[in-house]
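Shown below: run.json, with JSON, C-alpha atoms.
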```json
[["chain", "number", "residue", "atom", "x", "y", "z"],
["A", 1, "MET", "CA", 0.00, 0.00, 0.00],
["A", 2, "ALA", "CA", 1.38, 3.42, -0.97],
["A", 3, "ALA", "CA", 0.99, 6.51, 1.20],
["A", 4, "ARG", "CA", 0.36, 9.83, -0.46],
["A", 5, "LEU", "CA", 1.61, 13.08, 0.98],
["A", 6, "SER", "CA", 0.57, 16.62, 0.14],
["A", 7, "LYS", "CA", 3.13, 19.31, -0.72],
["A", 8, "ALA", "CA", 2.68, 20.82, 2.74],
["A", 9, "GLU", "CA", 3.36, 17.45, 4.42],
["A", 10, "PHE", "CA", 6.48, 17.02, 2.23],
["A", 11, "ALA", "CA", 7.70, 20.44, 3.37],
["A", 12, "LYS", "CA", 7.04, 19.68, 7.07],
["A", 13, "LEU", "CA", 9.14, 16.52, 6.81],
["A", 14, "GLY", "CA", 11.98, 18.46, 5.12],
["A", 15, "LEU", "CA", 11.73, 16.43, 1.92],
["A", 16, "LYS", "CA", 12.23, 17.79, -1.57],
["A", 17, "LEU", "CA", 9.68, 17.21, -4.28],
["A", 18, "PRO", "CA", 11.08, 15.03, -7.07],
["A", 19, "GLY", "CA", 11.94, 16.92, -10.25],
["A", 20, "LYS", "CA", 12.02, 20.37, -8.64],
["A", 21, "ASP", "CA", 15.81, 20.81, -8.79],
["A", 22, "LYS", "CA", 16.15, 20.18, -12.52],
["A", 23, "PRO", "CA", 17.73, 23.10, -14.37],
["A", 24, "LYS", "CA", 15.36, 24.93, -16.66],
["A", 25, "LYS", "CA", 15.88, 24.16, -20.31],
["A", 26, "SER", "CA", 16.71, 27.11, -22.54],
["A", 27, "LYS", "CA", 14.11, 28.19, -25.05],
["A", 28, "ALA", "CA", 16.86, 28.98, -27.55],
["A", 29, "ARG", "CA", 17.23, 26.72, -30.56],
["A", 30, "TRP", "CA", 20.99, 26.45, -30.21],
["A", 31, "ASP", "CA", 23.14, 24.77, -27.62],
["A", 32, "VAL", "CA", 25.10, 27.82, -26.44],
["A", 33, "ASP", "CA", 24.35, 30.11, -23.50],
["A", 34, "ASP", "CA", 23.88, 33.83, -24.12],
["A", 35, "LYS", "CA", 27.01, 34.79, -22.15],
["A", 36, "SER", "CA", 29.30, 32.76, -24.40],
["A", 37, "LEU", "CA", 27.57, 34.24, -27.47],
["A", 38, "LEU", "CA", 28.45, 37.74, -26.29],
["A", 39, "GLU", "CA", 32.07, 36.75, -25.60],
["A", 40, "GLN", "CA", 32.70, 35.47, -29.14],
["A", 41, "LYS", "CA", 34.83, 37.81, -31.21],
["A", 42, "PRO", "CA", 33.80, 38.76, -34.77],
["A", 43, "ILE", "CA", 35.55, 37.06, -37.67],
["A", 44, "THR", "CA", 36.69, 39.28, -40.54],
["A", 45, "ILE", "CA", 38.29, 38.02, -43.74],
["A", 46, "ASN", "CA", 39.16, 39.65, -47.06],
["A", 47, "ILE", "CA", 39.99, 37.23, -49.87],
["A", 48, "PRO", "CA", 41.57, 38.64, -53.07],
["A", 49, "VAL", "CA", 39.60, 36.70, -55.69],
["A", 50, "THR", "CA", 37.18, 37.49, -58.48],
["A", 51, "PRO", "CA", 33.76, 36.73, -56.95],
["A", 52, "GLN", "CA", 31.82, 33.96, -58.69],
["A", 53, "PRO", "CA", 28.06, 33.44, -58.43],
["A", 54, "LYS", "CA", 26.76, 30.00, -57.51],
["A", 55, "HIS", "CA", 25.50, 28.33, -60.67],
["A", 56, "ARG", "CA", 22.24, 26.44, -60.73],
["A", 57, "PRO", "CA", 22.70, 22.72, -60.16],
["A", 58, "ARG", "CA", 22.37, 20.53, -63.26],
["A", 59, "THR", "CA", 19.81, 17.71, -63.14],
["A", 60, "PHE", "CA", 19.87, 14.93, -65.69],
["A", 61, "VAL", "CA", 19.00, 11.28, -66.21],
["A", 62, "ASP", "CA", 22.02, 9.09, -65.64],
["A", 63, "GLU", "CA", 22.79, 6.80, -68.62],
["A", 64, "GLY", "CA", 23.47, 3.87, -66.28],
["A", 65, "SER", "CA", 20.05, 4.42, -64.72],
["A", 66, "ILE", "CA", 18.38, 4.18, -68.13],
["A", 67, "ARG", "CA", 20.16, 0.90, -68.93],
["A", 68, "SER", "CA", 19.35, -0.60, -65.53],
["A", 69, "ALA", "CA", 15.68, 0.47, -65.75],
["A", 70, "PHE", "CA", 15.40, -0.98, -69.26],
["A", 71, "ILE", "CA", 16.73, -4.37, -68.11],
["A", 72, "LYS", "CA", 14.53, -4.48, -64.99],
["A", 73, "ALA", "CA", 11.38, -3.36, -66.84],
["A", 74, "LYS", "CA", 11.41, -6.16, -69.47],
["A", 75, "GLY", "CA", 9.04, -4.15, -71.63],
["A", 76, "ASN", "CA", 6.83, -2.81, -68.81],
["A", 77, "VAL", "CA", 6.67, 1.00, -69.15],
["A", 78, "ALA", "CA", 5.44, 1.56, -65.58],
["A", 79, "ILE", "CA", 8.40, -0.34, -64.11],
["A", 80, "PHE", "CA", 10.78, 1.44, -66.50],
["A", 81, "MET", "CA", 9.55, 4.89, -65.38],
["A", 82, "LYS", "CA", 9.71, 3.86, -61.72],
["A", 83, "GLU", "CA", 13.32, 2.67, -62.00],
["A", 84, "ILE", "CA", 14.73, 5.78, -63.74],
["A", 85, "ARG", "CA", 16.91, 7.86, -61.42],
["A", 86, "MET", "CA", 17.77, 11.53, -61.79],
["A", 87, "ARG", "CA", 21.14, 12.95, -60.74],
["A", 88, "THR", "CA", 21.78, 16.49, -59.61],
["A", 89, "MET", "CA", 25.29, 17.90, -59.72],
["A", 90, "THR", "CA", 26.89, 21.19, -58.76],
["A", 91, "THR", "CA", 28.92, 22.62, -61.63],
["A", 92, "SER", "CA", 32.69, 22.15, -61.51],
["A", 93, "LYS", "CA", 33.22, 25.93, -61.68],
["A", 94, "THR", "CA", 31.10, 26.43, -58.54],
["A", 95, "LYS", "CA", 32.82, 23.55, -56.73],
["A", 96, "ALA", "CA", 36.27, 24.96, -57.54],
["A", 97, "PHE", "CA", 35.33, 28.47, -56.38],
["A", 98, "GLU", "CA", 33.76, 27.23, -53.12],
["A", 99, "LYS", "CA", 36.81, 25.04, -52.46],
["A", 100, "HIS", "CA", 39.13, 28.04, -53.01],
["A", 101, "ILE", "CA", 37.09, 30.22, -50.63],
["A", 102, "SER", "CA", 37.06, 27.43, -48.00],
["A", 103, "GLU", "CA", 40.81, 26.89, -48.23],
["A", 104, "MET", "CA", 41.58, 30.61, -47.98],
["A", 105, "ALA", "CA", 39.17, 31.05, -45.05],
["A", 106, "GLN", "CA", 40.78, 28.12, -43.20],
["A", 107, "ILE", "CA", 44.15, 29.84, -43.54],
["A", 108, "LEU", "CA", 42.84, 33.27, -42.47],
["A", 109, "VAL", "CA", 40.48, 32.28, -39.63],
["A", 110, "LYS", "CA", 42.42, 31.42, -36.49],
["A", 111, "THR", "CA", 39.43, 30.71, -34.21],
["A", 112, "ASP", "CA", 36.67, 28.13, -33.90],
["A", 113, "PRO", "CA", 33.43, 28.76, -35.81],
["A", 114, "ILE", "CA", 30.94, 31.04, -34.07],
["A", 115, "LYS", "CA", 28.24, 28.96, -32.42],
["A", 116, "GLY", "CA", 24.67, 30.21, -32.35],
["A", 117, "PRO", "CA", 23.00, 32.89, -34.46],
["A", 118, "VAL", "CA", 25.27, 35.14, -36.53],
["A", 119, "PHE", "CA", 25.15, 38.42, -38.43],
["A", 120, "VAL", "CA", 27.02, 38.52, -41.75],
["A", 121, "ASP", "CA", 28.28, 41.49, -43.76],
["A", 122, "ALA", "CA", 29.53, 40.66, -47.26],
["A", 123, "ILE", "CA", 30.99, 42.95, -49.93],
["A", 124, "PHE", "CA", 31.77, 41.51, -53.35],
["A", 125, "THR", "CA", 34.21, 43.66, -55.34],
["A", 126, "LEU", "CA", 34.15, 42.75, -59.04],
["A", 127, "PRO", "CA", 36.92, 43.86, -61.41],
["A", 128, "GLY", "CA", 35.93, 47.02, -63.23],
["A", 129, "ASP", "CA", 35.69, 50.80, -63.14],
["A", 130, "PRO", "CA", 34.89, 51.88, -59.55],
["A", 131, "LYS", "CA", 32.71, 54.70, -60.97],
["A", 132, "GLN", "CA", 30.32, 52.15, -62.52],
["A", 133, "TRP", "CA", 27.80, 49.81, -60.96],
["A", 134, "PRO", "CA", 28.26, 46.06, -61.51],
["A", 135, "THR", "CA", 25.19, 45.45, -63.66],
["A", 136, "SER", "CA", 26.56, 43.43, -66.55],
["A", 137, "MET", "CA", 24.85, 40.18, -67.51],
["A", 138, "HIS", "CA", 28.17, 38.46, -66.69],
["A", 139, "ASP", "CA", 28.43, 39.82, -63.12],
["A", 140, "GLY", "CA", 25.84, 37.44, -61.65],
["A", 141, "ASP", "CA", 23.09, 38.08, -59.14],
["A", 142, "LEU", "CA", 23.98, 39.29, -55.67],
["A", 143, "ASP", "CA", 22.08, 36.43, -54.00],
["A", 144, "ASN", "CA", 24.03, 33.87, -56.07],
["A", 145, "HIS", "CA", 27.32, 35.49, -54.99],
["A", 146, "GLU", "CA", 26.12, 35.19, -51.38],
["A", 147, "LYS", "CA", 25.20, 31.52, -51.80],
["A", 148, "SER", "CA", 28.58, 30.50, -53.17],
["A", 149, "VAL", "CA", 30.55, 32.22, -50.40],
["A", 150, "LEU", "CA", 28.23, 31.53, -47.46],
["A", 151, "ASP", "CA", 28.06, 27.82, -48.33],
["A", 152, "ALA", "CA", 31.86, 27.70, -48.54],
["A", 153, "LEU", "CA", 32.24, 29.19, -45.03],
["A", 154, "ASN", "CA", 30.16, 26.48, -43.30],
["A", 155, "GLY", "CA", 32.13, 25.02, -40.40],
["A", 156, "ILE", "CA", 34.82, 27.70, -40.70],
["A", 157, "CYS", "CA", 33.22, 31.02, -39.70],
["A", 158, "TYR", "CA", 29.95, 29.58, -38.33],
["A", 159, "THR", "CA", 28.63, 26.11, -37.63],
["A", 160, "ASP", "CA", 26.08, 26.22, -40.47],
["A", 161, "ASP", "CA", 24.76, 28.94, -42.77],
["A", 162, "ARG", "CA", 21.24, 28.33, -41.48],
["A", 163, "MET", "CA", 22.43, 30.11, -38.29],
["A", 164, "ILE", "CA", 22.62, 33.41, -40.21],
["A", 165, "VAL", "CA", 19.83, 35.58, -38.84],
["A", 166, "ARG", "CA", 20.79, 38.88, -40.47],
["A", 167, "LYS", "CA", 22.95, 39.78, -43.43],
["A", 168, "PHE", "CA", 24.04, 42.82, -45.35],
["A", 169, "SER", "CA", 25.60, 42.39, -48.75],
["A", 170, "ALA", "CA", 26.66, 44.58, -51.63],
["A", 171, "MET", "CA", 28.37, 44.33, -55.02],
["A", 172, "ARG", "CA", 30.68, 47.00, -56.35],
["A", 173, "CYS", "CA", 33.38, 47.47, -58.95],
["A", 174, "GLY", "CA", 37.05, 47.91, -58.07],
["A", 175, "GLU", "CA", 40.58, 46.92, -58.96],
["A", 176, "ALA", "CA", 41.30, 43.51, -60.47],
["A", 177, "PRO", "CA", 41.20, 40.70, -59.42],
["A", 178, "GLY", "CA", 38.41, 41.80, -57.08],
["A", 179, "SER", "CA", 37.75, 40.59, -53.56],
["A", 180, "VAL", "CA", 35.31, 39.02, -51.16],
["A", 181, "TYR", "CA", 35.05, 40.75, -47.77],
["A", 182, "ILE", "CA", 33.17, 38.93, -45.01],
["A", 183, "ARG", "CA", 32.53, 39.92, -41.41],
["A", 184, "VAL", "CA", 30.72, 37.47, -39.14],
["A", 185, "ASP", "CA", 29.45, 38.62, -35.71]]
```
Mind turning this structure into structure tokens?
Amino acid sequence: MAARLSKAEFAKLGLKLPGKDKPKKSKARWDVDDKSLLEQKPITINIPVTPQPKHRPRTFVDEGSIRSAFIKAKGNVAIFMKEIRMRTMTTSKTKAFEKHISEMAQILVKTDPIKGPVFVDAIFTLPGDPKQWPTSMHDGDLDNHEKSVLDALNGICYTDDRMIVRKFSAMRCGEAPGSVYIRVD
């Protein structure tokens, strides 16, 4: 037989209620306390490189997938269509640029990545006359420039680019070869 005590009876006996001493869980979506967020120093890098926009990924049907589906289908169109697999690839130019940015950032950044939410400032200087705006069809969109660089800095300046809660970015013309300036707070 189990005896039940009220909260008042627990208190009179000098007992502690179970579960009362558990630390309160943070409502934040990251695993870092606010004090350590404030203590983190900003990361600033300036990479002398001609900025490249992130190209759209290429999606295509793999030739091996077609052959495999044809053999498995044995003339059945429904099975053939079900077995076909699409492949999506990032262009080699985008991969090379992101790799270059990552390698340079690893050399320049001497600290651990900032944990928690971050603010990012990015300035993309394209080669050209500083008196002109970068509006050529070949300059690329600002958001695509952001994507290529911010993806490359994952795990170097911040834990993941989804932790970016505010960003400022701009494109301008300047001396060749151009540059990518990034400040992460």
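Minimum atom-to-atom distance to Ser136 in chain A, evaluated using all atoms listed in the file, belongs to A:Arg172 out of A:Arg172, A:Arg67, A:Lys72, A:Asp160.
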For Lys147 in chain A, the nearest of the candidates A:Lys7, A:Pro113, A:Phe97, A:Thr50, counting all atoms listed in the file: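 Closest residue, counting all atoms listed in the file: A:Phe97.
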Please write as an NGL selection string the list of polymer residues whose atoms come within 12 Å of (34.6, 25.9, -55.6), counting only C-alpha atoms and keeping to the coordinates of the file. :A and (49 or 51-55 or 90-104 or 147-153)
Residue with smallest distance to Arg58 in chain A - pool A:Ser6, A:Ser179, A:Thr88, A:Thr111, counting all atoms listed in the file: A:Thr88
Measuring between all atoms listed in the file, which one of A:Tyr181, A:Phe168, A:Tyr158, A:Phe80 shows the shortest distance to Phe124 in chain A?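 For Phe124 in chain A, the nearest of the given residues is A:Tyr181.
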Restore N, CA, C and O atoms in range 142-158 of chain A and list the result as a compact mmCIF listing (two decimals), in the frame of the given file.
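The resulting part-v2.txt:
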```txt
# COMPACT_ATOMS: atom_id res chain seq x y z
N LEU A 142 23.41 39.14 -57.01
CA LEU A 142 23.98 39.29 -55.67
C LEU A 142 23.66 38.08 -54.79
O LEU A 142 24.54 37.56 -54.10
N ASP A 143 22.43 37.58 -54.85
CA ASP A 143 22.08 36.43 -54.00
C ASP A 143 22.87 35.18 -54.39
O ASP A 143 23.18 34.36 -53.53
N ASN A 144 23.22 35.03 -55.66
CA ASN A 144 24.03 33.87 -56.07
C ASN A 144 25.48 34.01 -55.61
O ASN A 144 26.15 33.02 -55.31
N HIS A 145 25.99 35.25 -55.56
CA HIS A 145 27.32 35.49 -54.99
C HIS A 145 27.31 35.12 -53.51
O HIS A 145 28.24 34.47 -53.01
N GLU A 146 26.25 35.53 -52.80
CA GLU A 146 26.12 35.19 -51.38
C GLU A 146 26.13 33.68 -51.18
O GLU A 146 26.83 33.17 -50.32
N LYS A 147 25.32 32.97 -51.97
CA LYS A 147 25.20 31.52 -51.80
C LYS A 147 26.54 30.82 -51.94
O LYS A 147 26.88 29.94 -51.14
N SER A 148 27.31 31.20 -52.95
CA SER A 148 28.58 30.50 -53.17
C SER A 148 29.55 30.72 -52.01
O SER A 148 30.22 29.79 -51.57
N VAL A 149 29.60 31.92 -51.48
CA VAL A 149 30.55 32.22 -50.40
C VAL A 149 30.04 31.70 -49.05
O VAL A 149 30.78 31.08 -48.30
N LEU A 150 28.76 31.94 -48.75
CA LEU A 150 28.23 31.53 -47.46
C LEU A 150 28.22 30.01 -47.30
O LEU A 150 28.47 29.49 -46.21
N ASP A 151 27.97 29.28 -48.38
CA ASP A 151 28.06 27.82 -48.33
C ASP A 151 29.50 27.37 -48.08
O ASP A 151 29.75 26.42 -47.35
N ALA A 152 30.45 28.07 -48.68
CA ALA A 152 31.86 27.70 -48.54
C ALA A 152 32.38 27.94 -47.12
O ALA A 152 33.34 27.30 -46.70
N LEU A 153 31.76 28.85 -46.37
CA LEU A 153 32.24 29.19 -45.03
C LEU A 153 31.61 28.35 -43.92
O LEU A 153 31.91 28.55 -42.75
N ASN A 154 30.75 27.39 -44.29
CA ASN A 154 30.16 26.48 -43.30
C ASN A 154 31.25 25.75 -42.54
O ASN A 154 32.18 25.21 -43.14
N GLY A 155 31.16 25.74 -41.23
CA GLY A 155 32.13 25.02 -40.40
C GLY A 155 33.44 25.76 -40.21
O GLY A 155 34.31 25.29 -39.49
N ILE A 156 33.59 26.92 -40.84
CA ILE A 156 34.82 27.70 -40.70
C ILE A 156 34.54 28.98 -39.92
O ILE A 156 35.17 29.25 -38.90
N CYS A 157 33.58 29.77 -40.39
CA CYS A 157 33.22 31.02 -39.70
C CYS A 157 32.01 30.82 -38.78
O CYS A 157 31.85 31.54 -37.81
N TYR A 158 31.14 29.89 -39.12
CA TYR A 158 29.95 29.58 -38.33
C TYR A 158 29.67 28.10 -38.50
O TYR A 158 30.18 27.47 -39.43
```
